[in-house]
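Next comes model-v3.cif, with mmCIF, C-alpha atoms (C1' of nucleotides).
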data_input
#
loop_
_atom_site.group_PDB
_atom_site.id
_atom_site.type_symbol
_atom_site.label_atom_id
_atom_site.label_comp_id
_atom_site.auth_asym_id
_atom_site.auth_seq_id
_atom_site.Cartn_x
_atom_site.Cartn_y
_atom_site.Cartn_z
ATOM 1 C CA MET A 1 97.299 59.028 31.611
ATOM 2 C CA GLY A 2 93.977 57.433 32.453
ATOM 3 C CA VAL A 3 92.842 54.098 33.773
ATOM 4 C CA THR A 4 91.370 51.327 31.673
ATOM 5 C CA LEU A 5 88.251 49.812 33.208
ATOM 6 C CA SER A 6 86.174 47.141 31.491
ATOM 7 C CA PRO A 7 82.390 47.520 31.667
ATOM 8 C CA ALA A 8 82.071 44.623 34.088
ATOM 9 C CA LYS A 9 84.766 45.972 36.359
ATOM 10 C CA ALA A 10 83.334 49.461 36.216
ATOM 11 C CA LEU A 11 79.966 48.196 37.431
ATOM 12 C CA GLN A 12 81.547 46.023 40.077
ATOM 13 C CA LEU A 13 83.543 48.975 41.378
ATOM 14 C CA TRP A 14 80.496 51.218 41.409
ATOM 15 C CA HIS A 15 78.545 48.549 43.285
ATOM 16 C CA ASP A 16 81.266 47.887 45.831
ATOM 17 C CA VAL A 17 81.876 51.508 46.724
ATOM 18 C CA ASN A 18 78.182 52.276 47.060
ATOM 19 C CA LEU A 19 77.670 49.192 49.167
ATOM 20 C CA HIS A 20 80.520 50.313 51.399
ATOM 21 C CA LEU A 21 78.881 53.715 51.763
ATOM 22 C CA ILE A 22 75.545 52.149 52.703
ATOM 23 C CA ARG A 23 77.016 49.815 55.259
ATOM 24 C CA GLY A 24 79.326 52.376 56.815
ATOM 25 C CA ASP A 25 78.481 54.593 59.741
ATOM 26 C CA GLU A 26 79.121 57.747 57.780
ATOM 27 C CA PRO A 27 76.026 59.861 57.214
ATOM 28 C CA ASP A 28 74.557 59.352 53.779
ATOM 29 C CA LEU A 29 75.240 62.181 51.350
ATOM 30 C CA SER A 30 73.093 62.714 48.296
ATOM 31 C CA THR A 31 74.595 62.681 44.828
ATOM 32 C CA ARG A 32 74.400 66.460 44.702
ATOM 33 C CA GLN A 33 76.007 66.842 48.098
ATOM 34 C CA ILE A 34 78.976 64.597 47.402
ATOM 35 C CA THR A 35 79.490 66.237 44.025
ATOM 36 C CA LEU A 36 79.436 69.675 45.638
ATOM 37 C CA LEU A 37 81.891 68.575 48.289
ATOM 38 C CA LEU A 38 84.268 67.126 45.717
ATOM 39 C CA THR A 39 84.018 70.195 43.514
ATOM 40 C CA VAL A 40 85.123 72.455 46.343
ATOM 41 C CA TYR A 41 88.026 70.200 47.208
ATOM 42 C CA LEU A 42 89.192 69.466 43.671
ATOM 43 C CA GLU A 43 88.932 72.890 42.093
ATOM 44 C CA ALA A 44 90.761 76.050 43.036
ATOM 45 C CA PRO A 45 88.978 78.673 45.131
ATOM 46 C CA PRO A 46 87.174 80.969 45.336
ATOM 47 C CA HIS A 47 83.849 79.137 45.291
ATOM 48 C CA THR A 48 80.659 81.163 45.322
ATOM 49 C CA VAL A 49 77.141 79.793 45.523
ATOM 50 C CA ARG A 50 76.393 81.031 42.051
ATOM 51 C CA ASP A 51 79.482 79.442 40.524
ATOM 52 C CA LEU A 52 78.850 76.132 42.233
ATOM 53 C CA ALA A 53 75.233 76.100 41.088
ATOM 54 C CA ALA A 54 76.357 76.662 37.508
ATOM 55 C CA LYS A 55 79.058 73.992 37.701
ATOM 56 C CA LEU A 56 76.627 71.408 39.020
ATOM 57 C CA GLY A 57 73.769 72.495 36.798
ATOM 58 C CA VAL A 58 71.370 72.974 39.716
ATOM 59 C CA SER A 59 69.495 75.902 41.215
ATOM 60 C CA LYS A 60 71.049 78.163 43.839
ATOM 61 C CA PRO A 61 68.771 77.002 46.657
ATOM 62 C CA VAL A 62 70.115 73.511 46.156
ATOM 63 C CA ILE A 63 73.588 74.826 46.930
ATOM 64 C CA THR A 64 72.398 76.840 49.896
ATOM 65 C CA ARG A 65 70.676 73.841 51.406
ATOM 66 C CA ALA A 66 73.543 71.505 50.643
ATOM 67 C CA LEU A 67 75.858 73.958 52.402
ATOM 68 C CA ASP A 68 73.528 73.899 55.386
ATOM 69 C CA SER A 69 73.698 70.110 55.534
ATOM 70 C CA LEU A 70 77.420 69.825 54.874
ATOM 71 C CA GLY A 71 78.082 72.664 57.308
ATOM 72 C CA LYS A 72 76.278 70.836 60.091
ATOM 73 C CA LEU A 73 78.553 67.885 59.399
ATOM 74 C CA ASP A 74 81.598 70.206 59.431
ATOM 75 C CA LEU A 75 82.563 69.064 55.960
ATOM 76 C CA LEU A 76 82.428 72.593 54.523
ATOM 77 C CA THR A 77 82.141 76.108 55.881
ATOM 78 C CA ARG A 78 80.884 79.477 54.678
ATOM 79 C CA ARG A 79 82.479 82.897 54.911
ATOM 80 C CA ARG A 80 81.350 86.300 53.709
ATOM 81 C CA ASP A 81 83.428 87.823 50.960
ATOM 82 C CA GLU A 82 84.568 91.108 52.498
ATOM 83 C CA ALA A 83 85.467 92.503 49.098
ATOM 84 C CA ASP A 84 81.874 92.034 47.903
ATOM 85 C CA ARG A 85 79.606 91.306 50.794
ATOM 86 C CA ARG A 86 76.947 89.882 48.541
ATOM 87 C CA ASN A 87 79.140 86.867 47.932
ATOM 88 C CA VAL A 88 79.572 83.835 50.114
ATOM 89 C CA LEU A 89 82.841 81.963 49.881
ATOM 90 C CA VAL A 90 82.730 78.235 50.452
ATOM 91 C CA GLN A 91 85.788 76.838 52.202
ATOM 92 C CA ARG A 92 87.266 73.511 53.147
ATOM 93 C CA THR A 93 87.465 72.080 56.649
ATOM 94 C CA VAL A 94 89.719 69.583 58.370
ATOM 95 C CA LYS A 95 86.855 67.113 58.694
ATOM 96 C CA GLY A 96 86.102 67.502 55.012
ATOM 97 C CA VAL A 97 89.676 66.683 54.100
ATOM 98 C CA LEU A 98 89.613 63.604 56.293
ATOM 99 C CA TYR A 99 86.256 62.502 54.893
ATOM 100 C CA LEU A 100 87.503 62.659 51.328
ATOM 101 C CA GLU A 101 90.766 60.972 52.233
ATOM 102 C CA ARG A 102 88.752 58.053 53.526
ATOM 103 C CA LEU A 103 86.605 58.038 50.400
ATOM 104 C CA ALA A 104 89.677 58.063 48.167
ATOM 105 C CA GLU A 105 91.190 55.216 50.122
ATOM 106 C CA THR A 106 88.004 53.208 49.800
ATOM 107 C CA VAL A 107 87.682 53.724 46.061
ATOM 108 C CA GLY A 108 91.357 52.916 45.547
ATOM 109 C CA ARG A 109 91.245 49.793 47.671
ATOM 110 C CA LEU A 110 88.079 48.437 46.028
ATOM 111 C CA ALA A 111 89.414 49.219 42.570
ATOM 112 C CA LYS A 112 92.415 47.075 43.330
ATOM 113 C CA GLN A 113 90.155 44.187 44.323
ATOM 114 C CA VAL A 114 88.044 44.365 41.184
ATOM 115 C CA MET B 1 94.123 41.638 38.784
ATOM 116 C CA GLY B 2 92.692 44.934 39.887
ATOM 117 C CA VAL B 3 93.158 48.538 38.923
ATOM 118 C CA THR B 4 95.555 50.951 40.595
ATOM 119 C CA LEU B 5 93.978 54.300 41.332
ATOM 120 C CA SER B 6 95.777 57.080 43.176
ATOM 121 C CA PRO B 7 93.764 58.977 45.825
ATOM 122 C CA ALA B 8 93.565 62.074 43.634
ATOM 123 C CA LYS B 9 92.392 60.121 40.618
ATOM 124 C CA ALA B 10 89.901 58.175 42.695
ATOM 125 C CA LEU B 11 88.291 61.402 43.895
ATOM 126 C CA GLN B 12 88.341 62.928 40.439
ATOM 127 C CA LEU B 13 86.658 59.844 39.006
ATOM 128 C CA TRP B 14 84.044 59.825 41.746
ATOM 129 C CA HIS B 15 83.365 63.497 41.137
ATOM 130 C CA ASP B 16 83.141 63.183 37.371
ATOM 131 C CA VAL B 17 80.746 60.257 37.362
ATOM 132 C CA ASN B 18 78.454 61.820 39.948
ATOM 133 C CA LEU B 19 78.471 65.094 38.066
ATOM 134 C CA HIS B 20 77.529 63.220 34.931
ATOM 135 C CA LEU B 21 74.631 61.577 36.764
ATOM 136 C CA ILE B 22 73.405 64.932 38.081
ATOM 137 C CA ARG B 23 73.547 66.633 34.723
ATOM 138 C CA GLY B 24 71.992 63.778 32.815
ATOM 139 C CA ASP B 25 68.325 63.368 32.111
ATOM 140 C CA GLU B 26 68.184 60.031 33.843
ATOM 141 C CA PRO B 27 66.111 60.027 37.007
ATOM 142 C CA ASP B 28 68.224 60.235 40.137
ATOM 143 C CA LEU B 29 68.602 56.972 41.990
ATOM 144 C CA SER B 30 69.487 56.896 45.669
ATOM 145 C CA THR B 31 72.605 55.099 46.851
ATOM 146 C CA ARG B 32 70.475 52.212 48.063
ATOM 147 C CA GLN B 33 68.583 51.987 44.800
ATOM 148 C CA ILE B 34 71.632 51.899 42.561
ATOM 149 C CA THR B 35 73.300 49.376 44.845
ATOM 150 C CA LEU B 36 70.198 47.184 44.733
ATOM 151 C CA LEU B 37 70.046 47.428 40.968
ATOM 152 C CA LEU B 38 73.699 46.514 40.599
ATOM 153 C CA THR B 39 73.395 43.620 43.023
ATOM 154 C CA VAL B 40 70.608 42.054 40.982
ATOM 155 C CA TYR B 41 72.559 42.426 37.769
ATOM 156 C CA LEU B 42 75.952 41.360 39.079
ATOM 157 C CA GLU B 43 74.994 38.385 41.212
ATOM 158 C CA ALA B 44 73.341 35.163 40.144
ATOM 159 C CA PRO B 45 69.607 34.703 40.706
ATOM 160 C CA PRO B 46 67.367 33.983 42.443
ATOM 161 C CA HIS B 47 66.983 37.259 44.332
ATOM 162 C CA THR B 48 64.403 37.472 47.086
ATOM 163 C CA VAL B 49 63.510 40.552 49.069
ATOM 164 C CA ARG B 50 64.885 38.995 52.201
ATOM 165 C CA ASP B 51 68.218 38.073 50.635
ATOM 166 C CA LEU B 52 68.646 41.488 49.066
ATOM 167 C CA ALA B 53 67.883 43.202 52.368
ATOM 168 C CA ALA B 54 70.541 41.112 54.064
ATOM 169 C CA LYS B 55 73.118 41.748 51.360
ATOM 170 C CA LEU B 56 72.613 45.485 51.521
ATOM 171 C CA GLY B 57 72.281 45.614 55.283
ATOM 172 C CA VAL B 58 68.919 47.385 55.177
ATOM 173 C CA SER B 59 65.392 46.545 56.260
ATOM 174 C CA LYS B 60 62.995 44.639 54.038
ATOM 175 C CA PRO B 61 60.661 47.593 53.472
ATOM 176 C CA VAL B 62 63.566 49.468 51.952
ATOM 177 C CA ILE B 63 63.829 46.750 49.346
ATOM 178 C CA THR B 64 60.082 46.651 48.776
ATOM 179 C CA ARG B 65 59.935 50.371 48.179
ATOM 180 C CA ALA B 66 63.066 50.418 46.065
ATOM 181 C CA LEU B 67 61.480 47.727 43.920
ATOM 182 C CA ASP B 68 58.388 49.910 43.590
ATOM 183 C CA SER B 69 60.509 52.820 42.402
ATOM 184 C CA LEU B 70 62.767 50.815 40.127
ATOM 185 C CA GLY B 71 59.743 48.921 38.823
ATOM 186 C CA LYS B 72 58.060 52.163 37.806
ATOM 187 C CA LEU B 73 61.203 53.000 35.872
ATOM 188 C CA ASP B 74 61.181 49.513 34.301
ATOM 189 C CA LEU B 75 64.692 48.858 35.567
ATOM 190 C CA LEU B 76 63.630 45.766 37.535
ATOM 191 C CA THR B 77 60.566 43.589 37.781
ATOM 192 C CA ARG B 78 58.931 41.304 40.341
ATOM 193 C CA ARG B 79 57.545 37.822 39.936
ATOM 194 C CA ARG B 80 55.956 35.478 42.430
ATOM 195 C CA ASP B 81 57.926 32.350 43.170
ATOM 196 C CA GLU B 82 55.487 29.606 42.198
ATOM 197 C CA ALA B 83 57.428 27.042 44.189
ATOM 198 C CA ASP B 84 56.990 29.091 47.371
ATOM 199 C CA ARG B 85 54.405 31.750 46.894
ATOM 200 C CA ARG B 86 55.627 33.725 49.882
ATOM 201 C CA ASN B 87 58.716 34.661 47.948
ATOM 202 C CA VAL B 88 59.106 37.373 45.378
ATOM 203 C CA LEU B 89 61.754 36.913 42.744
ATOM 204 C CA VAL B 90 63.418 40.043 41.465
ATOM 205 C CA GLN B 91 64.311 39.939 37.810
ATOM 206 C CA ARG B 92 66.183 41.975 35.265
ATOM 207 C CA THR B 93 64.627 43.968 32.452
ATOM 208 C CA VAL B 94 65.822 45.144 29.075
ATOM 209 C CA LYS B 95 65.758 48.748 30.229
ATOM 210 C CA GLY B 96 67.765 47.835 33.286
ATOM 211 C CA VAL B 97 70.430 46.195 31.154
ATOM 212 C CA LEU B 98 70.624 49.243 28.929
ATOM 213 C CA TYR B 99 70.771 51.578 31.910
ATOM 214 C CA LEU B 100 73.709 49.746 33.424
ATOM 215 C CA GLU B 101 75.452 49.469 30.085
ATOM 216 C CA ARG B 102 75.333 53.235 29.846
ATOM 217 C CA LEU B 103 76.591 53.574 33.417
ATOM 218 C CA ALA B 104 79.470 51.206 32.726
ATOM 219 C CA GLU B 105 80.391 53.096 29.596
ATOM 220 C CA THR B 106 80.349 56.377 31.515
ATOM 221 C CA VAL B 107 82.530 55.106 34.328
ATOM 222 C CA GLY B 108 84.954 53.545 31.881
ATOM 223 C CA ARG B 109 85.176 56.618 29.704
ATOM 224 C CA LEU B 110 85.701 58.996 32.617
ATOM 225 C CA ALA B 111 88.261 56.687 34.185
ATOM 226 C CA LYS B 112 90.255 56.874 30.999
ATOM 227 C CA GLN B 113 90.207 60.648 31.130
ATOM 228 C CA VAL B 114 91.377 60.864 34.721
ATOM 229 C "C1'" DT C 1 71.134 110.111 45.269
ATOM 230 C "C1'" DT C 2 68.124 107.109 43.184
ATOM 231 C "C1'" DT C 3 67.376 103.312 40.416
ATOM 232 C "C1'" DT C 4 68.693 98.943 38.752
ATOM 233 C "C1'" DA C 5 71.099 94.583 39.017
ATOM 234 C "C1'" DT C 6 73.257 90.886 41.568
ATOM 235 C "C1'" DC C 7 73.696 87.606 45.283
ATOM 236 C "C1'" DG C 8 72.385 84.342 48.643
ATOM 237 C "C1'" DT C 9 68.588 83.014 51.553
ATOM 238 C "C1'" DT C 10 63.920 81.951 52.813
ATOM 239 C "C1'" DT C 11 59.359 80.406 51.951
ATOM 240 C "C1'" DC C 12 56.023 77.545 49.760
ATOM 241 C "C1'" DG C 13 53.974 73.331 48.071
ATOM 242 C "C1'" DG C 14 55.085 68.871 46.545
ATOM 243 C "C1'" DA C 15 57.537 64.658 46.350
ATOM 244 C "C1'" DG C 16 60.582 60.768 47.829
ATOM 245 C "C1'" DC C 17 62.998 57.950 51.087
ATOM 246 C "C1'" DC C 18 63.700 56.016 55.669
ATOM 247 C "C1'" DG C 19 62.812 52.651 59.911
ATOM 248 C "C1'" DT C 20 59.375 50.637 62.766
ATOM 249 C "C1'" DT C 21 55.307 48.400 63.326
ATOM 250 C "C1'" DT C 22 51.435 45.968 61.788
ATOM 251 C "C1'" DC C 23 49.095 42.994 58.557
ATOM 252 C "C1'" DA C 24 47.641 39.261 55.073
ATOM 253 C "C1'" DT C 25 49.337 35.362 52.714
ATOM 254 C "C1'" DT C 26 51.757 31.160 52.518
ATOM 255 C "C1'" DC C 27 54.284 27.351 54.191
ATOM 256 C "C1'" DT C 28 55.656 23.901 57.746
ATOM 257 C "C1'" DG C 29 55.740 20.676 61.580
ATOM 258 C "C1'" DG C 30 53.327 18.561 65.222
ATOM 259 C "C1'" DC D 1 44.169 19.842 60.494
ATOM 260 C "C1'" DC D 2 45.947 23.524 62.917
ATOM 261 C "C1'" DA D 3 49.252 26.528 65.555
ATOM 262 C "C1'" DG D 4 53.302 28.834 64.619
ATOM 263 C "C1'" DA D 5 56.961 30.597 61.613
ATOM 264 C "C1'" DA D 6 58.331 33.058 57.540
ATOM 265 C "C1'" DT D 7 57.687 36.303 53.809
ATOM 266 C "C1'" DG D 8 56.646 40.543 51.584
ATOM 267 C "C1'" DA D 9 53.562 44.560 51.621
ATOM 268 C "C1'" DA D 10 51.047 48.385 53.732
ATOM 269 C "C1'" DA D 11 50.457 51.997 57.199
ATOM 270 C "C1'" DC D 12 52.383 55.486 59.967
ATOM 271 C "C1'" DG D 13 55.334 59.424 61.278
ATOM 272 C "C1'" DG D 14 59.503 61.745 60.466
ATOM 273 C "C1'" DC D 15 63.021 63.606 57.821
ATOM 274 C "C1'" DT D 16 65.189 65.396 53.559
ATOM 275 C "C1'" DC D 17 65.228 66.989 49.151
ATOM 276 C "C1'" DC D 18 63.524 69.573 45.083
ATOM 277 C "C1'" DG D 19 62.248 73.935 41.890
ATOM 278 C "C1'" DA D 20 59.969 78.298 41.587
ATOM 279 C "C1'" DA D 21 59.049 82.525 43.408
ATOM 280 C "C1'" DA D 22 59.539 86.142 46.697
ATOM 281 C "C1'" DC D 23 62.709 88.518 49.814
ATOM 282 C "C1'" DG D 24 66.444 91.469 52.055
ATOM 283 C "C1'" DA D 25 71.160 92.997 51.631
ATOM 284 C "C1'" DT D 26 74.736 94.760 48.880
ATOM 285 C "C1'" DA D 27 76.831 96.763 44.877
ATOM 286 C "C1'" DA D 28 76.810 99.114 40.437
ATOM 287 C "C1'" DA D 29 74.845 102.277 37.193
ATOM 288 C "C1'" DA D 30 72.438 106.315 35.910
#
Can you turn what I pasted into structure tokens?
Amino acid sequence: MGVTLSPAKALQLWHDVNLHLIRGDEPDLSTRQITLLLTVYLEAPPHTVRDLAAKLGVSKPVITRALDSLGKLDLLTRRRDEADRRNVLVQRTVKGVLYLERLAETVGRLAKQV
Amino acid sequence: MGVTLSPAKALQLWHDVNLHLIRGDEPDLSTRQITLLLTVYLEAPPHTVRDLAAKLGVSKPVITRALDSLGKLDLLTRRRDEADRRNVLVQRTVKGVLYLERLAETVGRLAKQV
DNA sequence: TTTTATCGTTTCGGAGCCGTTTCATTCTGG
DNA sequence: CCAGAATGAAACGGCTCCGAAACGATAAAA
């Protein structure tokens, strides 16, 4: 349960992954965007704008705009909640799954090299 | 040599650390800025603007501006190279050391919880 | 039904980051 | 000594992000 990571190796891993993200062709996601994306994929639905804003500790417009950006990239999608049409439900996409699979592979591979 | 990290744990770790960065009071650093900061602290000096730009795969003005931003935060500092006054040498600061120590502690602690 | 509350979006003004191009300073080789 | 190369910074235009406040749509309460 849990992985032991010395301070030096933690920094090296953080450096290597970020460097990989910079050098890659993938579009750059902000810290808030990647955290939002991971939250939707790691936690159980449903995900509303309000809930996501609270979980991330940011304002609702930040979520709305991040959903705009991530939606354009097909990494997430929105749907109206028919049970309560005030709500918007945030859902996963195939491209989002593939994106995070690549990210997980990268982190895992670089951790092994540390 | 190296740490084994399953895909699920890699994503959870990436999520947790980014969430911690968002929620913290620390000023948000861009991916390029944090990578630059880590490069200076992990690799041996001297560090010139040109070398750092090449290592990160970005243009020189990106480095110049990142140094402006990180300099305002006292995380890095500039000094003229007296041997070749065209060069600027990027150097570490006490605040930068402390900042990265905190980051390393955070990554290590959250990795243990994964 | 009418009023109140909730939800997500839009608007507004401000700030930061980006790449390209241009520039001043400094060094180097003929 | 002087023309050319190298270095980092500044200027320019474009894009994105941010929080606060105002807004319409929907639901719940009175």
Hits of the PyMOL selection byres ((chain A) within 10 of (chain C)) in this structure, as a VMD selection string: chain A and resid 48 to 50 60 to 61 63 to 65 84 to 88
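The residues of chain B lying at most 7 Å from chain A, with only C-alpha atoms taken into account, are B:Gly2, B:Val3, B:Thr4, B:Leu5, B:Ser6, B:Pro7, B:Ala10, B:Leu11, B:His15, B:Asn18, B:Leu19, B:Ile22, B:Arg23, B:Thr31, B:Arg32, B:Thr35, B:Leu38, B:Leu56, B:Gly57, B:Ala104, B:Glu105, B:Val107, B:Gly108, B:Ala111, B:Lys112, B:Gln113, B:Val114.
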Which residues of chain D sit at most 10 Å from chain B, using all atoms listed in the file? Give each one's shortest atom pair and distance in Å (one decimal place), in chain and ascending residue order, as a tab-separated table.
residue	atom	partner	partner_atom	distance
D:DA6	C1'	B:Arg86	CA	8.1
D:DT7	C1'	B:Arg86	CA	5.1
D:DG8	C1'	B:Arg86	CA	7.1
D:DA9	C1'	B:Thr64	CA	7.4
D:DA10	C1'	B:Pro61	CA	9.7
Exercise on stretch 54-66 of chain B, axis-aligned box with 5 Å per side, report centre and edge lengths in Å to one decimal, as AutoDock Vina command-line options:
--center_x 66.5 --center_y 45.8 --center_z 51.2 --size_x 23.2 --size_y 19.3 --size_z 20.2
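If you look at atom CA of B:Pro27 and atom C1' of D:DC17, they are 14.0 Å away from each other.
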Explicit residues for the PyMOL selection byres ((chain A and resi 78) around 6) (as a PyMOL selection string): chain A and resi 77+79+89-90
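Picture a line from atom C1' of D:DG4 to atom CA of B:Glu82; it runs 22.5 Å.
For the atom pair formed by atom CA of A:Tyr99 and atom CA of A:Leu70, the distance is 11.5 Å, given to one decimal.
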Quick one: stretch 14-23 of chain B with all heavy atoms, as a PDB file, in the first residue's frame?
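Resulting contents of result06.pdb:
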ATOM      1  N   TRP B  14      -0.731  11.651  -9.818  1.00  0.00           N
ATOM      2  CA  TRP B  14      -0.699  12.879 -10.615  1.00  0.00           C
ATOM      3  C   TRP B  14      -1.859  13.791 -10.235  1.00  0.00           C
ATOM      4  O   TRP B  14      -1.695  15.009 -10.097  1.00  0.00           O
ATOM      5  CB  TRP B  14      -0.751  12.547 -12.101  1.00  0.00           C
ATOM      6  CG  TRP B  14      -0.139  13.624 -12.941  1.00  0.00           C
ATOM      7  CD1 TRP B  14      -0.790  14.498 -13.761  1.00  0.00           C
ATOM      8  CD2 TRP B  14       1.247  13.961 -13.026  1.00  0.00           C
ATOM      9  NE1 TRP B  14       0.104  15.356 -14.337  1.00  0.00           N
ATOM     10  CE2 TRP B  14       1.366  15.057 -13.906  1.00  0.00           C
ATOM     11  CE3 TRP B  14       2.410  13.454 -12.433  1.00  0.00           C
ATOM     12  CZ2 TRP B  14       2.582  15.651 -14.210  1.00  0.00           C
ATOM     13  CZ3 TRP B  14       3.626  14.045 -12.751  1.00  0.00           C
ATOM     14  CH2 TRP B  14       3.696  15.119 -13.621  1.00  0.00           C
ATOM     15  N   HIS B  15      -3.011  13.200 -10.040  1.00  0.00           N
ATOM     16  CA  HIS B  15      -4.185  13.961  -9.615  1.00  0.00           C
ATOM     17  C   HIS B  15      -3.957  14.602  -8.242  1.00  0.00           C
ATOM     18  O   HIS B  15      -4.196  15.799  -8.049  1.00  0.00           O
ATOM     19  CB  HIS B  15      -5.415  13.058  -9.576  1.00  0.00           C
ATOM     20  CG  HIS B  15      -6.591  13.674  -8.875  1.00  0.00           C
ATOM     21  ND1 HIS B  15      -6.777  13.588  -7.509  1.00  0.00           N
ATOM     22  CD2 HIS B  15      -7.635  14.402  -9.337  1.00  0.00           C
ATOM     23  CE1 HIS B  15      -7.883  14.242  -7.174  1.00  0.00           C
ATOM     24  NE2 HIS B  15      -8.420  14.742  -8.260  1.00  0.00           N
ATOM     25  N   ASP B  16      -3.496  13.810  -7.307  1.00  0.00           N
ATOM     26  CA  ASP B  16      -3.395  14.291  -5.927  1.00  0.00           C
ATOM     27  C   ASP B  16      -2.393  15.441  -5.810  1.00  0.00           C
ATOM     28  O   ASP B  16      -2.651  16.420  -5.110  1.00  0.00           O
ATOM     29  CB  ASP B  16      -2.985  13.140  -5.002  1.00  0.00           C
ATOM     30  CG  ASP B  16      -4.086  12.092  -4.880  1.00  0.00           C
ATOM     31  OD1 ASP B  16      -5.211  12.349  -5.351  1.00  0.00           O
ATOM     32  OD2 ASP B  16      -3.808  11.008  -4.332  1.00  0.00           O
ATOM     33  N   VAL B  17      -1.273  15.306  -6.483  1.00  0.00           N
ATOM     34  CA  VAL B  17      -0.266  16.365  -6.379  1.00  0.00           C
ATOM     35  C   VAL B  17      -0.778  17.642  -7.038  1.00  0.00           C
ATOM     36  O   VAL B  17      -0.653  18.743  -6.481  1.00  0.00           O
ATOM     37  CB  VAL B  17       1.064  15.924  -7.016  1.00  0.00           C
ATOM     38  CG1 VAL B  17       2.064  17.071  -6.976  1.00  0.00           C
ATOM     39  CG2 VAL B  17       1.630  14.717  -6.278  1.00  0.00           C
ATOM     40  N   ASN B  18      -1.376  17.516  -8.208  1.00  0.00           N
ATOM     41  CA  ASN B  18      -1.896  18.710  -8.875  1.00  0.00           C
ATOM     42  C   ASN B  18      -3.003  19.362  -8.055  1.00  0.00           C
ATOM     43  O   ASN B  18      -3.085  20.597  -7.986  1.00  0.00           O
ATOM     44  CB  ASN B  18      -2.405  18.345 -10.281  1.00  0.00           C
ATOM     45  CG  ASN B  18      -1.278  18.295 -11.295  1.00  0.00           C
ATOM     46  OD1 ASN B  18      -0.627  19.286 -11.572  1.00  0.00           O
ATOM     47  ND2 ASN B  18      -1.032  17.114 -11.832  1.00  0.00           N
ATOM     48  N   LEU B  19      -3.840  18.537  -7.469  1.00  0.00           N
ATOM     49  CA  LEU B  19      -4.903  19.106  -6.624  1.00  0.00           C
ATOM     50  C   LEU B  19      -4.297  19.860  -5.453  1.00  0.00           C
ATOM     51  O   LEU B  19      -4.762  20.953  -5.096  1.00  0.00           O
ATOM     52  CB  LEU B  19      -5.814  17.980  -6.123  1.00  0.00           C
ATOM     53  CG  LEU B  19      -6.979  18.433  -5.238  1.00  0.00           C
ATOM     54  CD1 LEU B  19      -7.879  19.412  -5.985  1.00  0.00           C
ATOM     55  CD2 LEU B  19      -7.786  17.232  -4.749  1.00  0.00           C
ATOM     56  N   HIS B  20      -3.259  19.288  -4.888  1.00  0.00           N
ATOM     57  CA  HIS B  20      -2.578  19.962  -3.780  1.00  0.00           C
ATOM     58  C   HIS B  20      -2.009  21.308  -4.220  1.00  0.00           C
ATOM     59  O   HIS B  20      -2.076  22.300  -3.492  1.00  0.00           O
ATOM     60  CB  HIS B  20      -1.466  19.063  -3.233  1.00  0.00           C
ATOM     61  CG  HIS B  20      -0.734  19.652  -2.070  1.00  0.00           C
ATOM     62  ND1 HIS B  20       0.398  20.428  -2.222  1.00  0.00           N
ATOM     63  CD2 HIS B  20      -0.973  19.611  -0.742  1.00  0.00           C
ATOM     64  CE1 HIS B  20       0.815  20.816  -1.031  1.00  0.00           C
ATOM     65  NE2 HIS B  20       0.017  20.335  -0.114  1.00  0.00           N
ATOM     66  N   LEU B  21      -1.464  21.350  -5.422  1.00  0.00           N
ATOM     67  CA  LEU B  21      -0.889  22.602  -5.934  1.00  0.00           C
ATOM     68  C   LEU B  21      -1.982  23.646  -6.149  1.00  0.00           C
ATOM     69  O   LEU B  21      -1.803  24.823  -5.870  1.00  0.00           O
ATOM     70  CB  LEU B  21      -0.146  22.335  -7.247  1.00  0.00           C
ATOM     71  CG  LEU B  21       1.116  21.482  -7.113  1.00  0.00           C
ATOM     72  CD1 LEU B  21       1.737  21.226  -8.479  1.00  0.00           C
ATOM     73  CD2 LEU B  21       2.125  22.149  -6.195  1.00  0.00           C
ATOM     74  N   ILE B  22      -3.131  23.194  -6.673  1.00  0.00           N
ATOM     75  CA  ILE B  22      -4.241  24.123  -6.909  1.00  0.00           C
ATOM     76  C   ILE B  22      -4.739  24.710  -5.600  1.00  0.00           C
ATOM     77  O   ILE B  22      -4.978  25.908  -5.485  1.00  0.00           O
ATOM     78  CB  ILE B  22      -5.398  23.400  -7.623  1.00  0.00           C
ATOM     79  CG1 ILE B  22      -5.039  23.108  -9.071  1.00  0.00           C
ATOM     80  CG2 ILE B  22      -6.659  24.246  -7.581  1.00  0.00           C
ATOM     81  CD1 ILE B  22      -6.123  22.373  -9.810  1.00  0.00           C
ATOM     82  N   ARG B  23      -4.913  23.843  -4.622  1.00  0.00           N
ATOM     83  CA  ARG B  23      -5.528  24.285  -3.372  1.00  0.00           C
ATOM     84  C   ARG B  23      -4.574  25.071  -2.504  1.00  0.00           C
ATOM     85  O   ARG B  23      -5.003  25.801  -1.610  1.00  0.00           O
ATOM     86  CB  ARG B  23      -6.066  23.073  -2.597  1.00  0.00           C
ATOM     87  CG  ARG B  23      -7.046  22.237  -3.398  1.00  0.00           C
ATOM     88  CD  ARG B  23      -7.883  21.355  -2.480  1.00  0.00           C
ATOM     89  NE  ARG B  23      -8.965  22.101  -1.902  1.00  0.00           N
ATOM     90  CZ  ARG B  23     -10.262  21.835  -2.056  1.00  0.00           C
ATOM     91  NH1 ARG B  23     -10.615  20.813  -2.789  1.00  0.00           N
ATOM     92  NH2 ARG B  23     -11.179  22.564  -1.482  1.00  0.00           N
TER      93      ARG B  23
END
